[in-house]
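Asker: entry.txt is the file, holding compact mmCIF, C-alpha atoms and all ligand atoms:
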# COMPACT_ATOMS: atom_id res chain seq x y z
CA MET A 10 -9.31 0.06 19.74
CA SER A 11 -6.97 1.18 16.97
CA LEU A 12 -8.76 0.07 13.82
CA VAL A 13 -9.11 3.21 11.69
CA THR A 14 -9.99 4.47 8.21
CA PHE A 15 -7.68 6.67 6.11
CA ASN A 16 -9.36 9.77 7.51
CA GLU A 17 -7.83 9.27 10.96
CA ILE A 18 -4.27 8.98 9.66
CA LEU A 19 -3.62 10.36 6.18
CA PRO A 20 -4.79 14.02 6.27
CA GLN A 21 -2.81 14.41 9.51
CA ALA A 22 0.28 12.89 7.89
CA ARG A 23 0.00 15.14 4.84
CA LYS A 24 -0.36 18.22 7.04
CA ALA A 25 2.74 17.24 9.02
CA GLY A 26 4.79 16.48 5.87
CA ARG A 27 5.21 12.79 6.66
CA ALA A 28 3.82 9.55 5.22
CA VAL A 29 2.19 6.39 6.51
CA GLY A 30 3.63 3.10 5.24
CA ALA A 31 1.18 0.78 3.48
CA PHE A 32 2.51 -2.76 3.29
CA ASN A 33 1.07 -5.68 1.32
CA ILE A 34 0.73 -8.67 3.59
CA ALA A 35 0.13 -12.22 2.45
CA ASN A 36 -0.35 -14.22 5.65
CA TYR A 37 -0.24 -14.18 9.46
CA GLU A 38 3.55 -13.69 9.72
CA THR A 39 3.78 -10.76 7.30
CA ALA A 40 0.79 -9.05 8.95
CA LYS A 41 2.33 -9.59 12.38
CA ALA A 42 5.66 -8.16 11.19
CA VAL A 43 3.93 -4.96 9.99
CA ILE A 44 2.11 -4.45 13.31
CA ILE A 45 5.21 -5.17 15.42
CA ALA A 46 7.29 -2.73 13.34
CA ALA A 47 4.68 0.05 13.52
CA GLU A 48 4.26 -0.39 17.27
CA ALA A 49 8.04 -0.31 17.78
CA GLU A 50 8.25 2.93 15.77
CA LYS A 51 5.06 4.32 17.37
CA GLN A 52 3.61 5.17 13.97
CA PRO A 53 0.26 4.51 12.27
CA VAL A 54 0.34 1.91 9.53
CA ILE A 55 -1.77 0.40 6.74
CA LEU A 56 -2.16 -3.36 6.30
CA GLN A 57 -3.12 -3.93 2.69
CA VAL A 58 -3.81 -6.94 0.50
CA TYR A 59 -3.41 -7.50 -3.22
CA GLN A 60 -6.71 -7.65 -5.03
CA ARG A 61 -5.97 -11.20 -6.22
CA LEU A 62 -6.48 -12.38 -2.63
CA MET A 63 -10.14 -11.32 -2.90
CA THR A 64 -10.73 -14.54 -4.87
CA ASP A 65 -9.42 -16.64 -1.97
CA PRO A 66 -12.35 -18.48 -0.36
CA TYR A 67 -11.01 -17.54 3.09
CA ILE A 68 -10.57 -13.80 2.46
CA SER A 69 -13.06 -12.96 5.21
CA ALA A 70 -10.94 -14.99 7.66
CA LEU A 71 -7.82 -13.07 6.63
CA THR A 72 -9.75 -9.82 7.08
CA THR A 73 -10.97 -10.83 10.54
CA MET A 74 -7.37 -11.60 11.50
CA MET A 75 -6.15 -8.20 10.27
CA ARG A 76 -8.99 -6.38 12.05
CA ASN A 77 -8.26 -8.26 15.24
CA MET A 78 -4.56 -7.36 15.07
CA ALA A 79 -5.48 -3.74 14.38
CA GLU A 80 -7.91 -3.58 17.29
CA LYS A 81 -5.25 -4.87 19.67
CA ALA A 82 -2.48 -2.62 18.31
CA SER A 83 -1.16 0.33 20.28
CA VAL A 84 -1.00 2.43 17.09
CA PRO A 85 -3.74 3.28 14.53
CA VAL A 86 -4.03 0.63 11.80
CA ALA A 87 -6.14 0.74 8.63
CA VAL A 88 -7.10 -2.48 6.77
CA HIS A 89 -7.05 -1.72 3.06
CA LEU A 90 -7.81 -3.39 -0.29
CA ASP A 91 -5.00 -2.57 -2.74
CA HIS A 92 -5.86 -2.09 -6.46
CA GLY A 93 -9.51 -3.15 -6.28
CA ALA A 94 -10.25 -4.08 -9.89
CA THR A 95 -14.06 -4.06 -9.98
CA PHE A 96 -17.01 -2.59 -8.13
CA GLU A 97 -17.86 -6.15 -6.95
CA GLN A 98 -14.41 -6.51 -5.41
CA VAL A 99 -14.82 -3.21 -3.59
CA LYS A 100 -18.21 -4.38 -2.28
CA LEU A 101 -16.80 -7.72 -1.17
CA ALA A 102 -13.96 -6.01 0.69
CA ILE A 103 -16.43 -3.73 2.46
CA ASP A 104 -18.66 -6.72 3.37
CA CYS A 105 -15.60 -8.53 4.77
CA GLY A 106 -14.74 -5.58 7.01
CA PHE A 107 -11.95 -3.64 5.28
CA THR A 108 -11.87 -0.06 6.60
CA SER A 109 -10.54 1.29 3.32
CA VAL A 110 -10.52 0.26 -0.32
CA MET A 111 -8.85 1.24 -3.55
CA PHE A 112 -10.68 1.28 -6.85
CA ASP A 113 -8.06 1.23 -9.60
CA GLY A 114 -9.51 2.34 -12.92
CA SER A 115 -6.21 3.83 -14.06
CA GLN A 116 -6.13 1.81 -17.27
CA LEU A 117 -9.60 2.95 -18.30
CA PRO A 118 -10.23 6.08 -20.37
CA PHE A 119 -10.34 9.17 -18.08
CA LYS A 120 -14.14 9.59 -18.09
CA GLU A 121 -14.80 5.91 -17.41
CA ASN A 122 -12.24 5.84 -14.60
CA LEU A 123 -13.84 8.94 -13.12
CA GLU A 124 -17.40 7.59 -13.29
CA GLN A 125 -16.58 4.10 -11.94
CA THR A 126 -14.43 5.55 -9.14
CA ARG A 127 -17.18 8.04 -8.24
CA GLN A 128 -19.69 5.19 -7.91
CA ALA A 129 -17.29 3.12 -5.80
CA ALA A 130 -16.60 6.18 -3.59
CA GLU A 131 -20.30 6.77 -3.06
CA TYR A 132 -20.78 3.14 -2.01
CA ALA A 133 -17.72 3.13 0.26
CA HIS A 134 -18.70 6.37 1.99
CA CYS A 135 -22.28 5.07 2.58
CA HIS A 136 -20.63 2.23 4.52
CA GLY A 137 -18.21 4.39 6.51
CA VAL A 138 -15.22 3.18 4.46
CA THR A 139 -12.57 5.44 2.89
CA ILE A 140 -11.40 5.05 -0.69
CA GLU A 141 -8.30 5.61 -2.84
CA GLY A 142 -8.43 6.19 -6.61
CA GLU A 143 -5.68 6.27 -9.26
CA ILE A 144 -5.08 8.63 -12.15
CA GLY A 145 -2.22 8.20 -14.59
CA HIS A 146 -0.92 4.65 -14.29
CA VAL A 147 1.79 3.06 -12.14
CA PRO A 148 2.82 0.05 -14.26
CA LEU A 149 4.49 -3.23 -13.41
CA ASN A 150 8.26 -3.33 -13.94
CA GLY A 151 9.35 -5.45 -16.85
CA THR A 152 6.21 -4.61 -18.85
CA GLU A 153 6.04 -2.36 -21.88
CA ALA A 154 4.19 0.35 -19.93
CA ALA A 155 7.16 0.61 -17.56
CA VAL A 156 9.41 1.72 -20.43
CA ASN A 157 7.29 4.79 -21.07
CA ILE A 158 5.40 5.44 -17.84
CA PRO A 159 2.10 7.33 -18.31
CA LEU A 160 2.57 10.18 -15.82
CA SER A 161 -0.35 12.04 -14.21
CA THR A 162 -1.02 15.67 -15.04
CA PRO A 163 -1.84 18.15 -12.24
CA GLU A 164 -5.02 19.27 -14.03
CA GLU A 165 -6.39 15.75 -14.49
CA ALA A 166 -5.49 14.80 -10.93
CA ALA A 167 -7.25 17.87 -9.53
CA ALA A 168 -10.39 17.36 -11.61
CA PHE A 169 -10.48 13.65 -10.74
CA ALA A 170 -10.10 14.23 -7.00
CA VAL A 171 -12.95 16.74 -6.90
CA ALA A 172 -15.34 14.84 -9.18
CA THR A 173 -14.91 11.42 -7.56
CA GLY A 174 -14.77 12.46 -3.89
CA VAL A 175 -11.96 9.97 -3.13
CA ASP A 176 -10.13 10.32 0.20
CA ALA A 177 -6.64 9.64 -1.22
CA LEU A 178 -5.27 9.71 -4.74
CA ALA A 179 -2.54 7.56 -6.29
CA VAL A 180 -0.74 9.43 -9.04
CA SER A 181 2.02 8.43 -11.41
CA VAL A 182 5.31 10.32 -11.02
CA GLY A 183 7.71 7.73 -12.46
CA THR A 184 7.59 4.78 -10.06
CA ALA A 185 6.65 1.22 -11.08
CA HIS A 186 5.64 -1.89 -9.16
CA GLY A 187 8.29 -4.51 -8.36
CA TYR A 188 12.07 -4.26 -8.73
CA TYR A 189 13.33 -1.79 -11.35
CA CYS A 190 15.37 -2.91 -14.34
CA GLU A 191 17.19 0.45 -14.27
CA GLU A 192 17.24 3.50 -11.99
CA PRO A 193 13.76 5.11 -12.15
CA LYS A 194 13.33 8.75 -13.13
CA ILE A 195 11.12 10.22 -10.41
CA ALA A 196 9.47 13.50 -11.41
CA VAL A 197 9.72 15.42 -8.14
CA ASP A 198 8.72 18.71 -9.82
CA LEU A 199 5.58 17.07 -11.16
CA ALA A 200 4.84 15.73 -7.66
CA ARG A 201 5.07 19.31 -6.35
CA GLN A 202 2.78 20.64 -9.10
CA ILE A 203 0.19 17.94 -8.40
CA SER A 204 0.42 18.61 -4.69
CA ASP A 205 -0.21 22.33 -5.30
CA LYS A 206 -3.47 21.50 -7.06
CA VAL A 207 -4.73 18.48 -5.08
CA ALA A 208 -5.54 18.97 -1.40
CA ILE A 209 -6.22 15.34 -0.42
CA PRO A 210 -3.40 12.94 0.57
CA LEU A 211 -1.45 11.63 -2.43
CA VAL A 212 -0.24 8.04 -2.68
CA LEU A 213 3.08 6.72 -3.99
CA HIS A 214 2.84 3.20 -5.40
CA GLY A 215 5.87 1.08 -6.27
CA GLY A 216 7.96 1.99 -3.23
CA SER A 217 10.38 -0.94 -3.59
CA GLY A 218 13.77 0.07 -4.95
CA THR A 219 12.76 3.71 -5.38
CA PRO A 220 15.76 5.83 -4.31
CA HIS A 221 15.15 6.97 -0.72
CA GLU A 222 16.01 10.60 -1.48
CA LYS A 223 13.23 10.67 -4.09
CA VAL A 224 10.76 9.01 -1.73
CA LYS A 225 11.55 11.63 0.92
CA ALA A 226 11.20 14.45 -1.61
CA VAL A 227 7.72 13.37 -2.69
CA ILE A 228 6.61 12.83 0.91
CA LYS A 229 7.48 16.48 1.54
CA ASN A 230 5.16 17.28 -1.38
CA GLY A 231 1.88 15.86 -0.19
CA PHE A 232 2.45 12.10 -0.61
CA ALA A 233 1.08 10.84 2.70
CA LYS A 234 0.87 7.11 1.89
CA VAL A 235 3.78 5.07 0.50
CA ASN A 236 3.14 1.51 -0.70
CA VAL A 237 5.83 -1.14 -0.32
CA ALA A 238 5.45 -4.85 -1.03
CA THR A 239 8.26 -6.47 -3.02
CA GLU A 240 11.30 -5.47 -1.00
CA PHE A 241 10.12 -6.40 2.50
CA GLN A 242 8.49 -9.64 1.29
CA HIS A 243 11.77 -10.46 -0.44
CA THR A 244 13.67 -9.92 2.82
CA PHE A 245 11.27 -12.40 4.43
CA GLN A 246 11.73 -14.88 1.59
CA LEU A 247 15.54 -14.70 1.56
CA ARG A 248 15.75 -15.44 5.29
CA LEU A 249 13.37 -18.34 4.86
CA GLN A 250 15.66 -19.68 2.14
CA THR A 251 18.72 -19.37 4.42
CA GLU A 252 16.93 -21.20 7.23
CA LEU A 253 15.80 -23.97 4.89
CA GLN A 254 19.35 -24.39 3.60
CA LYS A 255 20.61 -24.69 7.19
CA LEU A 256 18.02 -27.38 7.92
CA ASN A 257 19.14 -29.33 4.87
CA GLY A 258 15.90 -31.31 4.68
CA LYS A 259 15.44 -31.83 8.44
CA PHE A 260 12.02 -31.08 9.95
CA LEU A 261 11.33 -27.94 11.96
CA PRO A 262 7.77 -26.96 13.00
CA LEU A 263 6.61 -24.20 10.67
CA ASP A 264 5.91 -21.66 13.43
CA LYS A 265 9.58 -21.91 14.47
CA LEU A 266 10.80 -21.79 10.88
CA MET A 267 8.90 -18.54 10.31
CA LEU A 268 10.33 -16.66 13.31
CA PRO A 269 13.72 -15.53 11.91
CA ALA A 270 12.08 -14.47 8.63
CA THR A 271 9.49 -12.46 10.58
CA ASP A 272 12.26 -10.81 12.63
CA ASP A 273 14.13 -9.79 9.45
CA ALA A 274 10.94 -8.37 7.95
CA VAL A 275 10.30 -6.37 11.14
CA ALA A 276 13.81 -4.87 11.00
CA HIS A 277 13.32 -3.92 7.33
CA LEU A 278 9.86 -2.45 7.93
CA ARG A 279 11.05 -0.42 10.92
CA GLN A 280 13.63 1.35 8.75
CA LEU A 281 11.02 2.20 6.13
CA ILE A 282 8.44 3.39 8.68
CA ARG A 283 11.08 5.58 10.36
CA MET A 284 12.09 7.13 7.04
CA PHE A 285 8.47 7.82 6.02
CA ALA A 286 7.78 9.48 9.38
CA ASN A 287 10.89 11.69 9.22
CA PRO A 288 11.56 12.43 5.54
P1 LIG A 301 6.31 -2.54 -4.75
O1 LIG A 301 6.06 -4.01 -4.80
O2 LIG A 301 7.12 -2.02 -5.87
O3 LIG A 301 6.83 -2.13 -3.41
O4 LIG A 301 4.87 -1.81 -4.91
C1 LIG A 301 3.90 -1.99 -3.94
C2 LIG A 301 2.66 -1.30 -4.33
O5 LIG A 301 2.66 -0.21 -4.85
C3 LIG A 301 1.40 -1.99 -4.04
O6 LIG A 301 0.30 -1.31 -4.59
Can you present the structure in this file as structure tokens?
Answerer:
Amino acid sequence: MSLVTFNEILPQARKAGRAVGAFNIANYETAKAVIIAAEAEKQPVILQVYQRLMTDPYISALTTMMRNMAEKASVPVAVHLDHGATFEQVKLAIDCGFTSVMFDGSQLPFKENLEQTRQAAEYAHCHGVTIEGEIGHVPLNGTEAAVNIPLSTPEEAAAFAVATGVDALAVSVGTAHGYYCEEPKIAVDLARQISDKVAIPLVLHGGSGTPHEKVKAVIKNGFAKVNVATEFQHTFQLRLQTELQKLNGKFLPLDKLMLPATDDAVAHLRQLIRMFANP
């Protein structure tokens, strides 16, 4: 009932000055935590998977599970491929049943990124699937690129959005993926300038550890999708560690072991979803 593409949730969020949380799940428990949190907050949500999972032989099973959860959910849920690296990966995701895909050509020269993203967008739209592109580059923390982050320019972003026909656009305004080594410098003015020139929903990658005031400021400037992976998965992991320490080697069925970690992830996700909905 509630399985949607980006078009049912992101333009509406941008218009209302709020954002939809997009959370990278890795398994049944993390997917369940995202759905439970979104339902509790009565907000739409995006279940997304890292592109590396596309090489898993059971990716179509994971997709079926996510679609099934989305269909049963009381809130709109999109099932999205994060950072699709090749046209083949985008195709595979669409064949598996993702309702939305990202093609990330942000490390290619501008023209090549534009052309490959345009082709992926054409294919996605032919199949009723929405697509996100990226211009500028949001690097991985701890890498050289994260020291001198290649920011997007409003002109490039505007030209890219129009020429590719993407439904949402990830731009670089100073965030990076993973935990930061030092406080990030988020270019809120640049976010505003990009938002003035680009009408489609903008996407903030690298949500983990980004100061909340900055996240709220960019949401008010057209960023209608905020990606978070590291920090809520870490919450899950830390609780798992605590529970394992308590067990001290004793056996507990895995479904029971996972419950407290899932609960902690739900609490964490609820806070984020609430903040994104009321920046
Ligand atoms: P974080 O792991 O920094 O939250 O980034 C998530 C992300 O942007 C996924 O594309």
Asker: Taking into account all atoms listed in the file, which residue in the set A:Tyr132, A:Tyr67, A:Phe245, A:Phe32 is nearest to ligand LIG 301 (chain A)?
Answerer: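 The answer is A:Phe32, which sits nearest to ligand LIG 301 (chain A).
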Asker: Return the padded bounding box of stretch 90-101 of chain A as AutoDock Vina command-line options: axis-aligned, built from all atoms listed in the file, 8 Å added on each side, with centre and edge lengths in Å to one decimal.
Answerer:
--center_x -11.6 --center_y -4.9 --center_z -5.1 --size_x 29.2 --size_y 21.6 --size_z 25.7
Asker: Go through A:Ala167, A:Met284, A:Leu278, A:Ile228 one by one, measure the shortest atom-to-atom distance of each to ligand LIG 301 (chain A) using only C-alpha atoms and all ligand atoms, and give the residue with the smallest value.
Answerer: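 The shortest atom-to-atom distance to ligand LIG 301 (chain A) comes from A:Leu278.
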Asker: Find the residue from A:Phe241, A:Phe285, A:Tyr189, A:Tyr59 that sits nearest to A:Arg27; use only C-alpha atoms when measuring.
Answerer: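 The answer is A:Phe285, which sits nearest to A:Arg27.
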Asker: Would you kindly return, as a ChimeraX atom specification, each protein, DNA or RNA residue with an atom no farther than 12 Å from any atom of A:Pro53, considering all atoms listed in the file and excluding same-chain residues fewer than 2 positions away?
Answerer: /A:11-19,21-22,27-32,43-51,55-56,79,82-88,233-234,279,282-283,285-286
Asker: Calculated over only C-alpha atoms, which of the candidates A:Arg127, A:Arg61, A:Lys41, A:Lys100 has the smallest distance to A:Met75?
Answerer: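 Going through A:Arg127, A:Arg61, A:Lys41, A:Lys100 one by one, the smallest distance to A:Met75 is for A:Lys41.
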Asker: Could you give me the residues within 10 Å of ligand LIG 301 (chain A), counting all atoms listed in the file, as number ranges by chain?
Answerer: A: 31-33, 57-60, 90-92, 111, 147-150, 179, 184-189, 212-219, 235-243
Asker: Using all atoms listed in the file, pick whichever of A:Leu281, A:Val207, A:Leu71, A:Ala200 has the shortest atom-to-atom distance to A:Val171.
Answerer: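 Going through A:Leu281, A:Val207, A:Leu71, A:Ala200 one by one, the smallest distance to A:Val171 is for A:Val207.
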Asker: Can you tell me, as a list in words, what residues are no more than 12 Å from A:His134 when counting all atoms listed in the file, ignoring any on the same chain fewer than 3 positions away?
Answerer: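 In the requested form, the answer reads Thr14, Phe15, Asn16, Val99, Lys100, Ile103, Thr108, Ser109, Val110, Thr126, Arg127, Gln128, Ala129, Ala130, Glu131, Gly137, Val138, Thr139, Ile140, Glu141, Thr173, Gly174, Val175 and Asp176 of chain A.
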Asker: Find, counting only C-alpha atoms, the residue in A:Asp113, A:Glu222, A:Glu164, A:Glu124 that gets nearest to A:Leu199.
Answerer: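 Smallest distance to A:Leu199 is found for A:Glu164.
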Asker: Skipping near chain neighbours, those fewer than 2 positions away, what residues fall within 8 Å of stretch 269-273 of chain A using all atoms listed in the file, listed as a list in words?
Answerer: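 Selected residues are Glu38, Thr39, Lys41, Ala42, Thr244, Phe245, Gln246, Leu247, Arg248, Leu249, Leu266, Met267, Val275, Ala276 and His277 of chain A.
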Asker: Between atom CA of A:Thr152 and atom CA of A:Gly93, what is the distance, to one decimal in Å?
Answerer: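 So the two atoms, atom CA of A:Thr152 and atom CA of A:Gly93, lie 20.2 Å apart.
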Asker: Please list as a list in words every residue within 9 Å of A:Lys229, counting only C-alpha atoms and excluding residues in the same chain fewer than 5 positions away.
Answerer: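 That gives Arg23, Ala25, Gly26, Arg27, Ala28, Arg201, Val224 and Pro288 of chain A.
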Asker: Can you tell me how far atom CA of A:Glu80 sits from atom CA of A:Ile68, in Å to one decimal?
Answerer: 18.2 Å
Asker: Skip A:Gly183 itself and residues of its chain fewer than 6 positions away, then list as a list in words all residues within 9 Å of it, counting all atoms listed in the file.
Answerer: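 Result of the neighbour search: Val147, Ala155, Ile158, Pro159, Leu160, Pro193, Lys194, Ile195 and Ala196 of chain A.
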Asker: Quick one, how far is atom CA of A:Ala208 from atom CA of A:Val180?
Answerer: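 These atoms are spaced 13.1 Å apart.
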